[in-house]
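Shown below: my_file04.cif, with mmCIF, C-alpha atoms and all ligand atoms.
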```
data_entry
#
loop_
_atom_site.label_atom_id
_atom_site.label_comp_id
_atom_site.auth_asym_id
_atom_site.auth_seq_id
_atom_site.Cartn_x
_atom_site.Cartn_y
_atom_site.Cartn_z
CA MET L 1 -238.02 115.28 123.97
CA THR L 2 -235.75 116.94 121.48
CA LEU L 3 -237.00 118.25 118.19
CA GLY L 4 -234.63 116.53 115.80
CA GLN L 5 -234.09 116.32 112.11
CA ALA L 6 -236.39 114.40 109.87
CA GLN L 7 -236.78 113.57 106.23
CA GLY L 8 -240.29 113.46 104.83
CA PRO L 9 -241.45 110.57 102.68
CA GLY L 10 -240.73 111.29 99.07
CA SER L 11 -239.23 114.72 99.66
CA ALA L 12 -235.98 115.56 97.92
CA GLU L 13 -234.99 118.14 100.53
CA VAL L 14 -234.16 117.21 104.10
CA GLU L 15 -236.77 118.78 106.38
CA PRO L 16 -235.18 120.19 109.52
CA PHE L 17 -237.91 119.03 111.95
CA ASP L 18 -240.47 116.29 112.38
CA ALA L 19 -244.14 117.27 112.75
CA VAL L 20 -244.75 114.38 115.16
CA ASP L 21 -242.07 115.71 117.52
CA VAL L 22 -243.65 119.18 117.40
CA ILE L 23 -247.10 117.73 118.13
CA ARG L 24 -245.75 115.63 121.01
CA THR L 25 -244.00 118.63 122.55
CA LYS L 26 -247.25 120.60 122.63
CA ARG L 27 -249.32 117.56 123.63
CA ASP L 28 -247.07 117.09 126.68
CA GLY L 29 -247.40 120.74 127.71
CA GLY L 30 -243.98 121.91 126.52
CA ALA L 31 -243.04 125.05 124.64
CA VAL L 32 -242.18 124.53 120.98
CA PRO L 33 -238.81 126.16 120.20
CA GLU L 34 -238.94 129.05 117.74
CA PRO L 35 -237.26 127.32 114.74
CA ALA L 36 -239.52 124.27 115.06
CA LEU L 37 -242.68 126.38 115.31
CA ARG L 38 -241.71 128.51 112.31
CA TRP L 39 -240.98 125.35 110.36
CA MET L 40 -244.33 123.78 111.34
CA VAL L 41 -246.30 126.76 109.96
CA ASP L 42 -244.18 126.98 106.81
CA ALA L 43 -244.26 123.21 106.15
CA TYR L 44 -248.04 123.18 106.63
CA THR L 45 -248.45 126.04 104.15
CA ARG L 46 -246.25 124.17 101.65
CA GLY L 47 -248.34 121.03 102.09
CA TYR L 48 -245.52 118.99 103.64
CA VAL L 49 -247.22 118.81 107.07
CA ALA L 50 -250.58 117.07 106.58
CA ASP L 51 -253.97 118.47 107.67
CA SER L 52 -254.26 115.59 110.18
CA GLN L 53 -250.95 116.59 111.79
CA MET L 54 -251.84 120.30 111.95
CA ALA L 55 -255.26 119.39 113.39
CA ALA L 56 -253.56 117.35 116.15
CA PHE L 57 -251.24 120.28 116.84
CA ALA L 58 -254.16 122.75 116.96
CA MET L 59 -255.97 120.48 119.44
CA ALA L 60 -252.84 120.28 121.60
CA VAL L 61 -252.70 124.10 121.58
CA LEU L 62 -256.38 124.29 122.51
CA LEU L 63 -255.80 121.96 125.47
CA ASN L 64 -252.39 123.19 126.66
CA GLY L 65 -252.15 126.78 125.45
CA MET L 66 -249.09 128.65 124.24
CA SER L 67 -246.65 131.02 125.92
CA ARG L 68 -246.58 134.70 124.95
CA ASP L 69 -243.40 134.04 122.98
CA GLU L 70 -244.86 131.05 121.14
CA ILE L 71 -247.89 133.12 120.13
CA ARG L 72 -245.60 135.85 118.80
CA VAL L 73 -243.56 133.33 116.79
CA MET L 74 -246.69 131.60 115.46
CA THR L 75 -248.08 134.97 114.34
CA ASP L 76 -244.82 136.02 112.75
CA ALA L 77 -244.59 132.72 110.88
CA MET L 78 -248.11 133.21 109.51
CA ILE L 79 -247.25 136.77 108.42
CA ALA L 80 -244.11 135.42 106.70
CA SER L 81 -246.27 132.98 104.71
CA GLY L 82 -247.55 135.84 102.53
CA GLU L 83 -247.09 139.43 101.48
CA ARG L 84 -246.59 142.23 103.97
CA MET L 85 -247.88 145.67 103.08
CA SER L 86 -246.09 148.87 103.97
CA PHE L 87 -247.41 152.39 104.19
CA ALA L 88 -244.01 153.79 105.14
CA GLY L 89 -243.93 156.15 102.13
CA LEU L 90 -247.32 157.67 102.92
CA GLY L 91 -246.05 160.50 105.08
CA LYS L 92 -248.98 159.98 107.49
CA THR L 93 -249.35 157.80 110.54
CA THR L 94 -251.70 154.83 109.99
CA VAL L 95 -254.21 153.42 112.44
CA ASP L 96 -256.56 150.51 111.96
CA LYS L 97 -259.46 149.01 113.90
CA HIS L 98 -260.59 145.40 114.20
CA SER L 99 -263.84 144.19 115.70
CA THR L 100 -264.39 140.57 116.65
CA GLY L 101 -267.85 140.97 115.11
CA GLY L 102 -271.37 141.37 116.36
CA VAL L 103 -274.98 141.98 115.41
CA GLY L 104 -275.65 145.43 113.96
CA ASP L 105 -271.95 146.29 114.15
CA LYS L 106 -271.55 148.94 111.46
CA ILE L 107 -269.02 151.03 113.42
CA THR L 108 -266.26 150.83 110.78
CA LEU L 109 -268.44 152.87 108.39
CA PRO L 110 -268.62 156.11 110.40
CA LEU L 111 -265.35 155.47 112.25
CA ALA L 112 -262.89 155.32 109.32
CA PRO L 113 -263.88 158.70 107.79
CA LEU L 114 -264.24 160.29 111.23
CA VAL L 115 -260.64 159.40 112.18
CA ALA L 116 -259.37 160.30 108.69
CA SER L 117 -260.90 163.77 109.04
CA PHE L 118 -258.07 164.48 111.54
CA GLY L 119 -255.36 163.83 108.94
CA VAL L 120 -254.64 160.28 110.06
CA ALA L 121 -254.61 157.46 107.47
CA VAL L 122 -257.05 154.61 108.10
CA PRO L 123 -256.41 151.54 105.92
CA GLN L 124 -259.36 149.34 106.78
CA LEU L 125 -259.05 145.98 105.03
CA SER L 126 -262.33 144.21 105.60
CA GLY L 127 -264.18 141.02 104.81
CA ARG L 128 -267.56 139.73 103.79
CA GLY L 129 -269.91 138.23 106.35
CA LEU L 130 -270.50 134.54 106.96
CA GLY L 131 -273.22 133.41 109.35
CA HIS L 132 -275.05 135.82 111.63
CA THR L 133 -272.42 138.58 111.85
CA GLY L 134 -272.50 140.95 108.90
CA GLY L 135 -269.54 141.86 106.73
CA THR L 136 -268.45 145.47 106.28
CA LEU L 137 -267.99 145.01 102.52
CA ASP L 138 -271.52 143.57 102.16
CA LYS L 139 -272.93 146.66 103.85
CA LEU L 140 -270.97 149.07 101.66
CA GLU L 141 -271.90 147.17 98.51
CA SER L 142 -275.47 148.39 99.12
CA ILE L 143 -274.26 151.74 97.79
CA PRO L 144 -274.77 151.87 94.00
CA GLY L 145 -271.45 151.70 92.14
CA TRP L 146 -269.25 151.18 95.21
CA ARG L 147 -266.27 148.93 94.56
CA ALA L 148 -264.54 146.80 97.23
CA ALA L 149 -261.58 145.58 95.17
CA LEU L 150 -258.74 148.10 94.94
CA SER L 151 -255.18 147.65 93.72
CA ASN L 152 -252.40 148.47 96.18
CA ASP L 153 -251.68 151.63 94.16
CA GLU L 154 -255.32 152.74 94.34
CA MET L 155 -255.36 152.11 98.09
CA PHE L 156 -252.17 154.10 98.58
CA ALA L 157 -253.47 157.03 96.51
CA GLN L 158 -256.77 157.05 98.40
CA LEU L 159 -254.99 157.03 101.76
CA GLN L 160 -252.85 159.94 100.63
CA GLY L 161 -255.84 161.94 99.38
CA VAL L 162 -259.00 161.06 101.30
CA GLY L 163 -257.20 159.42 104.25
CA ALA L 164 -259.67 156.55 104.70
CA VAL L 165 -260.10 153.41 102.66
CA ILE L 166 -262.32 150.43 103.37
CA CYS L 167 -261.65 147.67 100.86
CA ALA L 168 -261.25 143.93 100.41
CA ALA L 169 -258.15 142.34 101.88
CA GLY L 170 -256.02 140.77 99.15
CA SER L 171 -255.68 136.99 99.17
CA GLY L 172 -251.90 137.33 99.55
CA LEU L 173 -252.03 138.26 103.26
CA ALA L 174 -251.18 135.40 105.67
CA PRO L 175 -252.15 132.42 103.45
CA ALA L 176 -251.08 130.09 106.29
CA ASP L 177 -253.92 131.53 108.36
CA LYS L 178 -256.46 130.93 105.60
CA LYS L 179 -255.53 127.26 105.48
CA LEU L 180 -255.31 126.84 109.25
CA TYR L 181 -258.58 128.68 109.94
CA ALA L 182 -260.47 126.40 107.53
CA LEU L 183 -258.94 123.38 109.27
CA ARG L 184 -259.80 124.68 112.75
CA ASP L 185 -263.37 125.23 111.59
CA VAL L 186 -263.85 121.49 110.96
CA THR L 187 -261.78 120.13 113.85
CA GLY L 188 -263.33 121.86 116.88
CA THR L 189 -260.27 124.05 117.44
CA VAL L 190 -261.57 127.51 116.52
CA GLU L 191 -261.92 128.36 120.23
CA ALA L 192 -258.20 128.18 121.13
CA ILE L 193 -257.29 131.73 122.23
CA PRO L 194 -253.64 131.55 121.04
CA LEU L 195 -254.90 130.49 117.60
CA ILE L 196 -257.65 133.13 117.43
CA ALA L 197 -255.18 135.83 118.50
CA SER L 198 -252.49 134.77 116.02
CA SER L 199 -255.08 134.42 113.25
CA ILE L 200 -256.56 137.91 113.70
CA MET L 201 -253.27 139.64 114.42
CA SER L 202 -251.28 138.01 111.61
CA LYS L 203 -253.67 139.58 109.09
CA LYS L 204 -253.74 142.95 110.85
CA ILE L 205 -249.94 143.16 111.26
CA ALA L 206 -249.39 142.03 107.64
CA GLU L 207 -251.55 144.98 106.57
CA GLY L 208 -248.71 147.23 107.75
CA THR L 209 -250.56 149.56 110.15
CA ASP L 210 -248.59 151.59 112.70
CA SER L 211 -251.21 151.14 115.39
CA LEU L 212 -254.38 149.18 116.02
CA VAL L 213 -257.48 149.42 118.19
CA LEU L 214 -259.39 146.22 118.91
CA ASP L 215 -263.10 146.09 119.69
CA VAL L 216 -263.41 142.75 121.47
CA LYS L 217 -267.05 141.90 122.05
CA PHE L 218 -268.61 139.66 124.65
CA GLY L 219 -272.22 138.54 125.14
CA SER L 220 -274.85 136.57 123.30
CA GLY L 221 -274.19 138.03 119.83
CA ALA L 222 -270.41 137.85 120.12
CA PHE L 223 -267.86 135.34 118.96
CA MET L 224 -266.64 135.17 122.60
CA GLN L 225 -269.78 135.02 124.70
CA ASP L 226 -268.02 134.94 128.06
CA LEU L 227 -266.53 138.18 129.46
CA ASP L 228 -263.50 136.47 131.04
CA ARG L 229 -262.56 134.73 127.81
CA ALA L 230 -263.10 137.92 125.80
CA ARG L 231 -260.77 139.70 128.25
CA GLU L 232 -258.15 136.97 127.87
CA LEU L 233 -258.39 137.24 124.07
CA ALA L 234 -258.10 141.03 124.23
CA ARG L 235 -255.03 140.85 126.51
CA THR L 236 -253.39 138.24 124.30
CA MET L 237 -253.93 140.36 121.18
CA VAL L 238 -252.75 143.59 122.84
CA GLU L 239 -249.55 141.82 123.99
CA LEU L 240 -249.08 140.35 120.54
CA GLY L 241 -249.46 143.70 118.79
CA THR L 242 -247.07 145.32 121.25
CA ASP L 243 -244.50 142.51 120.89
CA SER L 244 -244.73 142.88 117.10
CA GLY L 245 -244.12 146.64 117.11
CA VAL L 246 -247.75 147.70 116.47
CA ALA L 247 -249.10 149.98 119.22
CA THR L 248 -252.32 148.22 120.25
CA THR L 249 -255.16 148.85 122.69
CA ALA L 250 -258.52 147.12 123.11
CA LEU L 251 -262.00 147.93 124.34
CA LEU L 252 -264.19 145.17 125.74
CA THR L 253 -267.73 145.94 124.59
CA ASP L 254 -271.15 144.48 125.32
CA MET L 255 -272.81 142.52 122.50
CA ASN L 256 -275.78 141.11 124.39
CA THR L 257 -278.08 143.51 122.53
CA PRO L 258 -277.77 144.48 118.85
CA LEU L 259 -275.76 147.63 118.24
CA GLY L 260 -278.00 150.46 117.08
CA LEU L 261 -281.41 149.95 115.55
CA ALA L 262 -280.49 148.58 112.10
CA ILE L 263 -279.40 144.99 111.43
CA GLY L 264 -278.70 144.20 107.79
CA ASN L 265 -276.80 145.94 105.00
CA ALA L 266 -278.50 148.96 103.36
CA ASN L 267 -280.23 149.88 106.62
CA GLU L 268 -276.87 149.79 108.44
CA VAL L 269 -275.42 152.18 105.84
CA ARG L 270 -278.40 154.50 106.38
CA GLU L 271 -277.82 154.41 110.15
CA SER L 272 -274.08 155.08 109.70
CA VAL L 273 -274.87 158.14 107.58
CA GLU L 274 -277.18 159.37 110.36
CA VAL L 275 -274.23 159.17 112.76
CA LEU L 276 -272.01 161.04 110.29
CA ALA L 277 -274.71 163.70 110.08
CA GLY L 278 -274.48 164.24 113.84
CA GLY L 279 -277.48 162.05 114.81
CA GLY L 280 -277.97 158.29 115.03
CA PRO L 281 -278.64 155.92 117.93
CA ALA L 282 -276.84 156.74 121.18
CA ASP L 283 -275.00 153.41 121.44
CA VAL L 284 -273.60 153.62 117.89
CA VAL L 285 -272.44 157.19 118.54
CA GLU L 286 -270.93 156.21 121.91
CA LEU L 287 -268.89 153.34 120.47
CA THR L 288 -267.83 155.29 117.37
CA VAL L 289 -266.58 158.14 119.57
CA ALA L 290 -264.85 155.79 122.06
CA LEU L 291 -263.00 153.90 119.31
CA ALA L 292 -262.12 157.11 117.45
CA ARG L 293 -260.58 158.54 120.63
CA GLU L 294 -258.49 155.39 121.10
CA MET L 295 -257.32 155.46 117.48
CA LEU L 296 -256.47 159.14 117.54
CA ALA L 297 -254.62 158.79 120.85
CA LEU L 298 -252.44 156.05 119.32
CA ALA L 299 -251.91 158.28 116.28
CA GLY L 300 -250.62 161.10 118.50
CA ARG L 301 -253.84 163.18 118.56
CA PRO L 302 -255.20 162.55 122.09
CA ASP L 303 -256.95 165.94 122.22
CA ALA L 304 -258.86 165.65 118.92
CA ASP L 305 -262.47 166.83 119.34
CA VAL L 306 -264.20 163.81 117.82
CA GLU L 307 -267.76 164.87 118.61
CA ALA L 308 -267.22 168.23 116.89
CA ALA L 309 -266.14 166.46 113.66
CA LEU L 310 -269.42 164.50 113.69
CA LYS L 311 -271.50 167.61 114.31
CA ASP L 312 -269.84 170.07 111.93
CA GLY L 313 -269.75 167.90 108.78
CA ARG L 314 -266.01 167.14 108.62
CA ALA L 315 -266.59 163.40 109.10
CA MET L 316 -269.43 163.47 106.54
CA ASP L 317 -267.16 165.20 104.00
CA ALA L 318 -264.55 162.45 104.50
CA TRP L 319 -267.25 159.77 104.10
CA ARG L 320 -268.49 161.24 100.83
CA ALA L 321 -264.95 161.53 99.48
CA MET L 322 -264.22 157.92 100.54
CA ILE L 323 -267.35 156.56 98.79
CA ILE L 324 -266.80 158.62 95.62
CA ALA L 325 -263.13 157.52 95.42
CA GLN L 326 -264.39 153.93 95.17
CA ASP L 327 -266.94 154.80 92.46
CA GLY L 328 -269.93 154.85 94.82
CA ASP L 329 -272.66 157.46 94.70
CA PRO L 330 -273.22 158.77 98.24
CA ASP L 331 -276.46 160.47 97.13
CA ALA L 332 -278.04 157.46 95.40
CA ALA L 333 -281.09 155.78 96.91
CA LEU L 334 -280.20 152.62 98.84
CA PRO L 335 -281.96 149.32 98.02
CA ALA L 336 -285.39 149.15 99.69
CA PRO L 337 -287.28 146.02 100.77
CA ASN L 338 -290.27 144.78 98.75
CA GLU L 339 -291.99 143.35 101.82
CA THR L 340 -292.06 144.25 105.50
CA HIS L 341 -293.60 142.73 108.60
CA THR L 342 -293.87 144.61 111.89
CA VAL L 343 -294.10 142.92 115.30
CA THR L 344 -295.85 144.90 118.05
CA ALA L 345 -295.83 144.77 121.86
CA SER L 346 -298.46 142.47 123.31
CA GLU L 347 -298.45 144.42 126.59
CA ALA L 348 -297.33 147.73 128.04
CA GLY L 349 -294.13 148.01 130.08
CA PHE L 350 -290.37 148.34 129.71
CA VAL L 351 -288.32 146.40 127.22
CA THR L 352 -286.06 144.46 129.58
CA ARG L 353 -284.16 142.26 127.13
CA LEU L 354 -283.54 142.06 123.38
CA GLU L 355 -281.02 139.34 122.57
CA ALA L 356 -278.44 139.97 119.87
CA LEU L 357 -277.88 136.43 118.61
CA PRO L 358 -281.51 135.55 117.69
CA PHE L 359 -281.93 138.89 115.90
CA GLY L 360 -278.67 138.28 114.05
CA ILE L 361 -279.90 134.84 112.99
CA ALA L 362 -283.26 136.25 111.92
CA ALA L 363 -281.59 138.92 109.74
CA TRP L 364 -279.41 136.21 108.24
CA ARG L 365 -282.47 134.07 107.48
CA LEU L 366 -284.05 137.07 105.77
CA GLY L 367 -281.07 137.08 103.39
CA ALA L 368 -278.92 139.83 104.93
CA GLY L 369 -276.12 137.30 105.52
CA ARG L 370 -274.83 134.24 103.72
CA ALA L 371 -274.59 130.57 104.70
CA ARG L 372 -271.85 129.73 102.19
CA ALA L 373 -268.98 131.99 101.11
CA GLN L 374 -270.19 131.99 97.49
CA ASP L 375 -273.80 133.02 98.29
CA PRO L 376 -274.99 136.57 97.45
CA VAL L 377 -276.56 138.76 100.14
CA LEU L 378 -279.84 140.66 99.75
CA HIS L 379 -278.85 144.24 100.46
CA ALA L 380 -282.33 145.45 101.42
CA ALA L 381 -283.01 142.53 103.79
CA GLY L 382 -282.65 142.84 107.55
CA ILE L 383 -284.39 144.11 110.64
CA ASP L 384 -285.17 147.63 111.85
CA LEU L 385 -285.58 147.74 115.61
CA HIS L 386 -287.93 150.42 116.96
CA VAL L 387 -287.03 149.92 120.61
CA LYS L 388 -284.06 148.95 122.77
CA PRO L 389 -283.82 147.61 126.34
CA GLY L 390 -284.88 150.32 128.78
CA ASP L 391 -287.48 151.84 126.44
CA GLN L 392 -291.07 152.10 127.67
CA VAL L 393 -293.73 150.76 125.30
CA ALA L 394 -297.52 150.76 125.08
CA ALA L 395 -299.47 147.66 124.06
CA GLY L 396 -299.61 147.53 120.25
CA GLN L 397 -296.54 149.72 119.77
CA PRO L 398 -294.12 148.51 117.03
CA LEU L 399 -291.09 146.63 118.41
CA PHE L 400 -289.29 145.75 115.18
CA THR L 401 -289.85 145.36 111.44
CA LEU L 402 -288.60 142.52 109.26
CA LEU L 403 -287.36 143.71 105.85
CA GLY L 404 -287.31 141.25 102.97
CA GLU L 405 -287.29 140.71 99.26
CA ASP L 406 -290.26 138.37 99.56
CA ALA L 407 -292.49 137.44 102.47
CA SER L 408 -291.67 133.72 102.27
CA ARG L 409 -288.66 134.15 104.58
CA PHE L 410 -290.61 135.86 107.38
CA GLU L 411 -291.81 132.70 109.12
CA ARG L 412 -288.31 131.29 109.69
CA ALA L 413 -287.06 134.72 110.79
CA LEU L 414 -289.91 135.00 113.31
CA GLU L 415 -289.07 131.52 114.63
CA ALA L 416 -285.50 132.71 115.27
CA VAL L 417 -286.62 135.64 117.45
CA GLU L 418 -289.24 133.73 119.41
CA GLY L 419 -288.57 134.43 123.11
CA ALA L 420 -285.70 136.78 122.24
CA TRP L 421 -287.17 139.86 123.95
CA SER L 422 -289.05 140.54 127.19
CA ILE L 423 -291.33 143.27 128.46
CA GLY L 424 -291.59 143.79 132.22
CA SER L 425 -293.02 146.25 134.67
CA ASP L 426 -289.64 147.64 135.82
CA ALA L 427 -286.94 149.32 133.77
CA PRO L 428 -283.81 147.13 133.58
CA ALA L 429 -280.59 148.31 135.21
CA ALA L 430 -278.45 150.14 132.67
CA THR L 431 -275.27 148.29 131.67
CA PRO L 432 -272.22 150.05 130.23
CA LEU L 433 -271.53 149.45 126.55
CA VAL L 434 -267.76 149.81 126.94
CA ARG L 435 -266.90 147.53 129.86
CA GLU L 436 -263.11 147.75 129.99
CA ARG L 437 -260.09 149.22 128.30
CA ILE L 438 -257.04 147.03 127.89
CA THR L 439 -253.59 148.43 127.25
CA ALA L 440 -250.10 146.95 127.09
N1 LIG X 1 -261.52 135.63 113.19
C1 LIG X 1 -260.34 135.30 112.63
O1 LIG X 1 -259.87 135.95 111.70
N2 LIG X 1 -259.68 134.24 113.10
C2 LIG X 1 -260.14 133.49 114.12
O2 LIG X 1 -259.49 132.54 114.50
C3 LIG X 1 -261.38 133.84 114.68
C4 LIG X 1 -262.05 134.93 114.21
#
```
Would you kindly transcribe this structure into structure tokens?
Amino acid sequence: MTLGQAQGPGSAEVEPFDAVDVIRTKRDGGAVPEPALRWMVDAYTRGYVADSQMAAFAMAVLLNGMSRDEIRVMTDAMIASGERMSFAGLGKTTVDKHSTGGVGDKITLPLAPLVASFGVAVPQLSGRGLGHTGGTLDKLESIPGWRAALSNDEMFAQLQGVGAVICAAGSGLAPADKKLYALRDVTGTVEAIPLIASSIMSKKIAEGTDSLVLDVKFGSGAFMQDLDRARELARTMVELGTDSGVATTALLTDMNTPLGLAIGNANEVRESVEVLAGGGPADVVELTVALAREMLALAGRPDADVEAALKDGRAMDAWRAMIIAQDGDPDAALPAPNETHTVTASEAGFVTRLEALPFGIAAWRLGAGRARAQDPVLHAAGIDLHVKPGDQVAAGQPLFTLLGEDASRFERALEAVEGAWSIGSDAPAATPLVRERITA
């Protein structure tokens, strides 16, 4: 099959390729040549290639995969569909982090100021949550006055001064991905690893960072539940970053249990501030420190004493400056729930299991997350865990507390967590939070 010239119905310009040829090439297991693949992405963004044709192509990719080179070209074509930011004039090295998302994952909040406290710039363009995984911007919007939308000039100035910025990604980055992701969502093609990798990395590379650390999660609360598939995704993204000139490493981390004790928005901010004050739950501290080390190593500071910056207030100072720069009041009271409901242990023993996904769904049902992109979130809603797997409990001891605006949502939240934890007579074997490190 050759990918020949074609003229689209009604188009004045001659299109250099034919979408059907591109689809057939991928359907039959071939590699799509670079010019044809670039054209396919561009023509889809322009509306020349129809949704039905792109859906067929996405399904062919899901079934037959893509070579490393095809994934690089696909990613580059999606980057070329929109604006590309540059921090070249900043005079500081930039390093970014991306997490594939999980339950209770608030790591960006302590991590960005912690890394910035070492003089490295951290441009963290983030999103709002949809479904059971929370959005970083939703969490930060619990802070009175805090503003997610910044102009490029404001972001640049904040990176120069404070060093860390967490703000909304502009709609101009990789518009091809926005269109393709929405199509994949309704055509059963979200799961294709080449498409996930190119989707995530096109946005991250377009943001203009020098280096990138990926937190790829596996387990019940993760986007990729299976460890082998999470590893394949991590490898694909690390290769892609490297091929695109962005120094990239990844950690594979366990998301079978919620991260930390807080699941929600305001309570996750509170927990992040505890970490910045040198305390906080051990797993949140462990992952924050592990990711900070990776980021600082890529930024040329492999010997930075990350734990010291958490203990001596440097990371907290950077946090306060970061919140104030975006009009937030770091000292203001966070929204508090009107109603709470605490679930207690029915027997004594060890907590052997506490599943991330049901707790994420329960927090979402309480209003901490949204079902539709336009829905608001309830900042005070969520769940505070009082125990984690491995903890010993007495009968009647509190296990977790539902936090809500009104008690009417509690029943559906409790349904979600039915059977989601176990208490047994033996302590469970400890499992590492950071399972693997993946480098180029
Ligand atoms: N997140 C993204 O941005 N893209 C995907 O394809 C999956 C998760």
Can you work out which one of L:Lys139, L:Lys97, L:Arg68, L:Arg147 has the shortest atom-to-atom distance to L:Asp243, counting only C-alpha atoms?
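With only C-alpha atoms as the atom set, the closest residue is L:Arg68.
Restricting the calculation to only C-alpha atoms, the smallest distance between L:Met78 and any of L:Gly65, L:Leu180, L:Thr93, L:Val120 is found for L:Leu180.
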Within 7 Å of file point (-249.3, 130.6, 104.8), counting all atoms listed in the file, expressed as a list in words
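It turns out the residues near that spot are Asp42, Thr45, Met78, Ser81, Gly82, Ala174, Pro175, Ala176 and Asp177 of chain L.
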Please provide the set of residues having any atom within 9 Å of L:Leu357, restricted to only C-alpha atoms, with same-chain residues fewer than 5 positions apart removed, written as a PyMOL selection string.
chain L and resi 102-103+132-133+219-222+255-258+362+417+420
For the residues selected in the previous step, produce a file with C-alpha atoms as a compact mmCIF listing (two decimals), in the coordinates of the input.
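See again22.txt below for the written result:
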```txt
# COMPACT_ATOMS: atom_id res chain seq x y z
CA GLY L 102 -271.37 141.37 116.36
CA VAL L 103 -274.98 141.98 115.41
CA HIS L 132 -275.05 135.82 111.63
CA THR L 133 -272.42 138.58 111.85
CA GLY L 219 -272.22 138.54 125.14
CA SER L 220 -274.85 136.57 123.30
CA GLY L 221 -274.19 138.03 119.83
CA ALA L 222 -270.41 137.85 120.12
CA MET L 255 -272.81 142.52 122.50
CA ASN L 256 -275.78 141.11 124.39
CA THR L 257 -278.08 143.51 122.53
CA PRO L 258 -277.77 144.48 118.85
CA ALA L 362 -283.26 136.25 111.92
CA VAL L 417 -286.62 135.64 117.45
CA ALA L 420 -285.70 136.78 122.24
```
Contacts of ligand LIG 1 (chain X), 8 Å or closer, all atoms listed in the file, given as JSON, numbers by chain:
{"L": [100, 177, 181, 190, 191, 195, 196, 197, 198, 199, 200, 203, 223]}
Would you mind reading off the distance between atom CA of L:Arg84 and atom CA of L:Gln160, one decimal, in Å?
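Atom CA of L:Gln160 lies at a distance of 19.1 Å from atom CA of L:Arg84.
Residues lying within 8 Å of stretch 317-319 of chain L, counting only C-alpha atoms and ignoring same-chain neighbours fewer than 6 positions away, are Pro110, Pro113, Leu114, Ala116, Ser117, Val162, Gly163, Ala164 and Leu276 of chain L.
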For L:Ala333, which of L:Ala43, L:Val434, L:Ala380, L:Met224 is the closest residue, counting only C-alpha atoms?
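That would be L:Ala380, the residue with the smallest distance to L:Ala333.
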Would you mind putting N, CA and C atoms back on stretch 346-358 of chain L and writing the result as a PDB file, in the frame of the given file?
```
ATOM      1  N   SER L 346    -297.182 143.070 122.908  1.00  0.00           N
ATOM      2  CA  SER L 346    -298.460 142.470 123.310  1.00  0.00           C
ATOM      3  C   SER L 346    -298.960 143.092 124.609  1.00  0.00           C
ATOM      4  N   GLU L 347    -298.062 143.806 125.309  1.00  0.00           N
ATOM      5  CA  GLU L 347    -298.450 144.420 126.590  1.00  0.00           C
ATOM      6  C   GLU L 347    -297.636 145.702 126.786  1.00  0.00           C
ATOM      7  N   ALA L 348    -298.086 146.508 127.725  1.00  0.00           N
ATOM      8  CA  ALA L 348    -297.330 147.730 128.040  1.00  0.00           C
ATOM      9  C   ALA L 348    -296.244 147.408 129.062  1.00  0.00           C
ATOM     10  N   GLY L 349    -295.203 148.206 129.085  1.00  0.00           N
ATOM     11  CA  GLY L 349    -294.130 148.010 130.080  1.00  0.00           C
ATOM     12  C   GLY L 349    -292.805 148.506 129.546  1.00  0.00           C
ATOM     13  N   PHE L 350    -291.733 147.996 130.160  1.00  0.00           N
ATOM     14  CA  PHE L 350    -290.370 148.340 129.710  1.00  0.00           C
ATOM     15  C   PHE L 350    -289.774 147.157 128.958  1.00  0.00           C
ATOM     16  N   VAL L 351    -289.082 147.469 127.890  1.00  0.00           N
ATOM     17  CA  VAL L 351    -288.320 146.400 127.220  1.00  0.00           C
ATOM     18  C   VAL L 351    -287.149 146.077 128.152  1.00  0.00           C
ATOM     19  N   THR L 352    -287.102 144.825 128.618  1.00  0.00           N
ATOM     20  CA  THR L 352    -286.060 144.460 129.580  1.00  0.00           C
ATOM     21  C   THR L 352    -284.921 143.684 128.929  1.00  0.00           C
ATOM     22  N   ARG L 353    -285.170 143.125 127.764  1.00  0.00           N
ATOM     23  CA  ARG L 353    -284.160 142.260 127.130  1.00  0.00           C
ATOM     24  C   ARG L 353    -284.442 142.203 125.637  1.00  0.00           C
ATOM     25  N   LEU L 354    -283.395 142.232 124.831  1.00  0.00           N
ATOM     26  CA  LEU L 354    -283.540 142.060 123.380  1.00  0.00           C
ATOM     27  C   LEU L 354    -282.215 141.424 122.932  1.00  0.00           C
ATOM     28  N   GLU L 355    -282.244 140.132 122.746  1.00  0.00           N
ATOM     29  CA  GLU L 355    -281.020 139.340 122.570  1.00  0.00           C
ATOM     30  C   GLU L 355    -280.404 139.498 121.194  1.00  0.00           C
ATOM     31  N   ALA L 356    -279.108 139.729 121.157  1.00  0.00           N
ATOM     32  CA  ALA L 356    -278.440 139.970 119.870  1.00  0.00           C
ATOM     33  C   ALA L 356    -278.449 138.742 118.958  1.00  0.00           C
ATOM     34  N   LEU L 357    -278.080 137.596 119.492  1.00  0.00           N
ATOM     35  CA  LEU L 357    -277.880 136.430 118.610  1.00  0.00           C
ATOM     36  C   LEU L 357    -279.144 136.051 117.825  1.00  0.00           C
ATOM     37  N   PRO L 358    -280.324 135.917 118.477  1.00  0.00           N
ATOM     38  CA  PRO L 358    -281.510 135.550 117.690  1.00  0.00           C
ATOM     39  C   PRO L 358    -281.858 136.592 116.620  1.00  0.00           C
TER      40      PRO L 358
END
```
